[in-house]
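This report concerns only the one structure given below.
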Amino acid sequence: MSNQAPVLPKSLPGAAIIGDAALAASDGATLETVNPATGRRLGLLPACDVADVDKAVAAARATFEAGHWRNLAPRARGRMLLKLADAMEAHAEELAVLETLDSGKPISDTRAIDLPLTITSLRYYGEAVDKIYGEVGPGGHGKLSYAVHDPLGVIGAIVPWNFPLLMAMWKIAPAIAMGNSMVLKPSELTSLSILRVAELALEVGIPAGVLNVITGYGHTAGAALALHNDVEMITFTGSGPVGRQLMRYSADSNLKRVSLELGGKSPHIVLADAPDLDAAAEAAAWGIFYNQGQVCTAGSRLLVQREIHDDFVARVIKVAETIVPGDPLDPATRLGAVVSEKQMQSVLTRIARAQQDGAGLRLGGAQVRKDSGGYFLSPTVFDTVSNDSALAREEVFGPVLAVIPFDTPDDALRLANDTDYGLASGVWTGNVNTAHRFARDLRAGMVWVNGWDACDVTMPFGGFKQSGFGRDRSLHALYKYADLKSVTISFS
Ligand code: NAD
């Protein structure tokens, strides 16, 4: 993709995709989708509710029961995923522009990161699904026992706004590859790009009803999907409070399976023996400021060994000063707008609270580019933060770094693990023994040594503790969308 100025689309997706139809909400209700870089309305989308969710689940169920998707040979289903990947690649620029307009992410990121990673994920599952084997049991004479991975049925997916396409694809690709049908509810803030993908899925010949996308609010459309008695599983990425609510909905309905990818307060640890402090400083800054800090794996707690603390923090600030918010549609911009006015106010409130709690503000801390009408925040660095403070314990989901000094590697491990979360973690060290020790003792779903956010679809993604359970990415995600069926055939 290029450094060319993006071409704005002539029209935007504006309907839910249910079966093969593009539909308004049954009661005509709409919701506004806003460009975070200007504060102005982009368009109106259906505000779906119970009746629309019923329709979408019925479409997904009909396709599943008809069997023309789940009974296709896995390789044939995989080929359809690869066709969709090709179509997305052909429309990558259009999708990148939609993603930028709707989410405030820089076009340089949506072109170079969001779209390529999303397409790669889709291809990975398209190529993997015909390599999934069952098992043959020990059985014995006169008996053949085997276990197969059966699709679950109708999967409900509920996803957030920070990586609208990528988070959706981490769920869509493995779920439909295994033969399931899906009803996906994107965030009410960022529905455009995935609606376009659902249109492309129909265009390339993925059967109607396999991928349905309903737009709407969480407490209405999302709740209706999660409470639905004909949905076998809810796969979710989002916040902890909503994750808890989904488990209640499951208990109150049909005990559907629930898979939760929740937030984090990830520790990024820099030991005095780090091999390259400039590389570590670059990673520490981008580890929190990338995507305007709206990353569940953001390295929001920077733990720095005291003997290098002053020098290292100065290096991080030097990098942070080069990260200047700008117009997301300008290909030179590397930091865009946060997703909504509400999210910006929430981050500003947490910044004010951190100052009241005595954290030392070293950089930023304010809204910028106010004339644009958009929601821009400057990279913000707090130093000498207490690990017991709200800033160190609660997810901010904005460009705010908390620096926490420590004395010994044992202290670092204790502080790193002293959190309710356990999504990502990282350590910089030149000592291989220390690297292995931290890799073993950090209580997190992901550990990165001498780097940050080594994101690849081949490796499982998910958290320990209150960061959730179940994994996206890797072959494990395919198994998540299947039940094991044991079959025994007696033939004596
Ligand atoms: P959110 O939990 O508010 O919303 C996520 C989705 O849930 C949205 O589609 C929303 O409409 C829906 N929702 C809200 N209330 C609902 C309800 N009562 N019933 C059903 N659905 C409901 O999260 P967000 O603000 O969109 O995203 C930010 C959060 O997501 C952060 O906490 C972040 O850490 C987390 N996140 C986690 C990961 C991960 O993989 N672990 C990835 C990205 C974001």
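Identifiers for the structure tokens are assigned positionally: chains receive A, B, ... in sequence, residues are indexed from 1 per chain, and ligands are indexed from 1 in the order shown.
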
Next item on the list: Within 6 Å of ligand 1, which residues show up when you count only C-alpha atoms and all ligand atoms? List them as a PyMOL selection string, please.
Entry: chain A and resi 158-162+185-188+217-219+222-223+237-239+242+261-264+295-296

Next item on the list: May I have the residues within 9 Å of stretch 273-286 of chain A as an MDAnalysis selection string, using only C-alpha atoms and disregarding those fewer than 2 positions away in the same chain?
Entry: chainID A and resid 268 270:271 288:291 293 298:300 302 312:320 323 379 401 427:431 450:453

Next item on the list: Rounded to one decimal place, report the atom CA of A:Gly153-atom CA of A:Leu192 distance in Å.
Entry: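 Distance reported for this atom pair: 26.0 Å.
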
Next item on the list: Pick out the closest residue to A:Leu475 from this set: A:Ala76, A:Ile132, A:Ile489, A:Ala22. Count only C-alpha atoms.
Entry: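 Ranking A:Ala76, A:Ile132, A:Ile489, A:Ala22 by distance to A:Leu475, first place goes to A:Ile132.
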
Next item on the list: Would you please work out which residue, of A:Leu72, A:Ala96, A:Leu45, A:Leu348, is nearest to A:Ile214 when using only C-alpha atoms?
Entry: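 Counting only C-alpha atoms, the residue closest to A:Ile214 is A:Leu45.
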
Next item on the list: With a distance cut-off of 9 Å and only C-alpha atoms, select the neighbouring residues of A:Arg75, excluding the residue or stretch itself and same-chain residues fewer than 3 positions from it, and output the selection as a ChimeraX atom specification.
Entry: /A:72,78-80,126-131

Check: Which parts of stretch 357-473 of chain A does DSSP call strand (DSSP E) when run on the backbone here, written out as a PyMOL selection string?
Finding: chain A and resi 360-363+367-368+376-377+380-383+400-406+424-428+446-449+468-469

Could you dump the residues just selected with N, CA, C and O atoms as a short mmCIF file (atom, residue, chain, number, x, y, z; two decimals), in the first residue's frame?
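Below you can see part.cif, which holds the result:
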```
data_model
loop_
_atom_site.label_atom_id
_atom_site.label_comp_id
_atom_site.auth_asym_id
_atom_site.auth_seq_id
_atom_site.Cartn_x
_atom_site.Cartn_y
_atom_site.Cartn_z
N GLY A 360 4.06 11.78 39.24
CA GLY A 360 4.76 12.94 38.65
C GLY A 360 4.50 12.99 37.14
O GLY A 360 4.95 12.12 36.40
N LEU A 361 3.79 14.02 36.67
CA LEU A 361 3.52 14.15 35.24
C LEU A 361 4.77 14.65 34.53
O LEU A 361 5.25 15.75 34.81
N ARG A 362 5.31 13.84 33.62
CA ARG A 362 6.55 14.22 32.92
C ARG A 362 6.28 14.68 31.49
O ARG A 362 7.10 15.36 30.89
N LEU A 363 5.15 14.27 30.94
CA LEU A 363 4.88 14.64 29.54
C LEU A 363 3.38 14.58 29.28
O LEU A 363 2.70 13.67 29.78
N GLN A 367 -5.76 17.29 26.15
CA GLN A 367 -6.33 17.20 24.79
C GLN A 367 -5.56 18.17 23.89
O GLN A 367 -5.18 19.25 24.32
N VAL A 368 -5.35 17.76 22.65
CA VAL A 368 -4.69 18.64 21.67
C VAL A 368 -5.51 18.66 20.38
O VAL A 368 -6.47 17.90 20.24
N PHE A 376 -8.26 14.18 20.28
CA PHE A 376 -6.82 13.89 20.24
C PHE A 376 -6.20 14.10 21.62
O PHE A 376 -6.46 15.12 22.27
N LEU A 377 -5.37 13.15 22.03
CA LEU A 377 -4.65 13.27 23.30
C LEU A 377 -3.15 13.17 23.03
O LEU A 377 -2.72 12.37 22.18
N THR A 380 1.29 10.71 27.11
CA THR A 380 1.38 11.16 28.50
C THR A 380 2.24 10.18 29.30
O THR A 380 2.06 8.96 29.19
N VAL A 381 3.19 10.76 30.06
CA VAL A 381 4.08 9.90 30.88
C VAL A 381 4.01 10.37 32.33
O VAL A 381 4.25 11.55 32.63
N PHE A 382 3.68 9.44 33.22
CA PHE A 382 3.76 9.67 34.66
C PHE A 382 4.92 8.88 35.21
O PHE A 382 5.07 7.69 34.92
N ASP A 383 5.73 9.53 36.04
CA ASP A 383 6.89 8.84 36.64
C ASP A 383 6.62 8.58 38.12
O ASP A 383 5.71 9.18 38.72
N VAL A 400 -1.37 6.65 27.99
CA VAL A 400 -0.89 7.08 29.30
C VAL A 400 0.03 6.00 29.88
O VAL A 400 -0.40 4.88 30.13
N LEU A 401 1.28 6.38 30.11
CA LEU A 401 2.28 5.43 30.62
C LEU A 401 2.54 5.70 32.10
O LEU A 401 2.73 6.86 32.50
N ALA A 402 2.58 4.64 32.90
CA ALA A 402 2.91 4.74 34.33
C ALA A 402 4.29 4.11 34.55
O ALA A 402 4.44 2.90 34.35
N VAL A 403 5.27 4.90 34.94
CA VAL A 403 6.61 4.36 35.19
C VAL A 403 6.72 4.02 36.68
O VAL A 403 6.41 4.84 37.54
N ILE A 404 7.17 2.78 36.94
CA ILE A 404 7.28 2.28 38.32
C ILE A 404 8.72 1.81 38.54
O ILE A 404 9.14 0.84 37.90
N PRO A 405 9.48 2.46 39.39
CA PRO A 405 10.87 2.02 39.62
C PRO A 405 10.91 0.79 40.53
O PRO A 405 10.01 0.58 41.35
N PHE A 406 11.96 -0.04 40.37
CA PHE A 406 12.15 -1.18 41.28
C PHE A 406 13.65 -1.39 41.50
O PHE A 406 14.48 -0.86 40.74
N ALA A 424 -0.55 -9.60 28.79
CA ALA A 424 0.79 -9.63 28.20
C ALA A 424 1.82 -9.19 29.24
O ALA A 424 1.46 -8.64 30.29
N SER A 425 3.08 -9.43 28.90
CA SER A 425 4.16 -9.00 29.79
C SER A 425 5.45 -9.03 28.96
O SER A 425 5.51 -9.70 27.92
N GLY A 426 6.45 -8.30 29.44
CA GLY A 426 7.70 -8.32 28.70
C GLY A 426 8.87 -7.95 29.59
O GLY A 426 8.69 -7.28 30.62
N VAL A 427 10.05 -8.44 29.19
CA VAL A 427 11.25 -8.13 29.98
C VAL A 427 12.42 -7.92 29.03
O VAL A 427 12.55 -8.63 28.02
N TRP A 428 13.25 -6.95 29.35
CA TRP A 428 14.49 -6.70 28.61
C TRP A 428 15.64 -7.08 29.50
O TRP A 428 15.81 -6.54 30.60
N MET A 446 0.95 -14.02 27.65
CA MET A 446 2.02 -13.79 26.68
C MET A 446 3.21 -13.15 27.36
O MET A 446 3.05 -12.22 28.17
N VAL A 447 4.40 -13.64 27.04
CA VAL A 447 5.65 -13.07 27.57
C VAL A 447 6.56 -12.75 26.38
O VAL A 447 6.79 -13.60 25.52
N TRP A 448 7.04 -11.53 26.32
CA TRP A 448 7.96 -11.14 25.25
C TRP A 448 9.30 -10.76 25.88
O TRP A 448 9.35 -9.97 26.83
N VAL A 449 10.37 -11.33 25.36
CA VAL A 449 11.71 -11.03 25.87
C VAL A 449 12.46 -10.21 24.82
O VAL A 449 12.54 -10.61 23.65
N GLY A 468 -9.27 -12.95 31.24
CA GLY A 468 -10.19 -13.79 30.49
C GLY A 468 -9.72 -15.22 30.32
O GLY A 468 -8.75 -15.65 30.95
N PHE A 469 -10.44 -15.95 29.46
CA PHE A 469 -10.08 -17.35 29.20
C PHE A 469 -10.55 -17.74 27.82
O PHE A 469 -11.48 -17.14 27.29
#
```

Item checked: One-decimal distance in Å that lies between atom CA of A:Gly104 and atom CA of A:Gly336 -> 5.5 Å

Next item on the list: Excluding A:Ala157 and any residue of its chain fewer than 6 positions from it, enumerate the residues within 7 Å of it, using only C-alpha atoms, and give them as a list in words.
Entry: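 Listing them by chain and then by number gives Val183, Leu184, Lys185, Ile234, Thr235 and Phe236 of chain A.
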
Note to self: To one decimal place in Å, what is the distance between atom CA of A:Thr118 and atom CA of A:Val213?
What the structure shows: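 Atom-to-atom, atom CA of A:Thr118 to atom CA of A:Val213, that is 17.0 Å.
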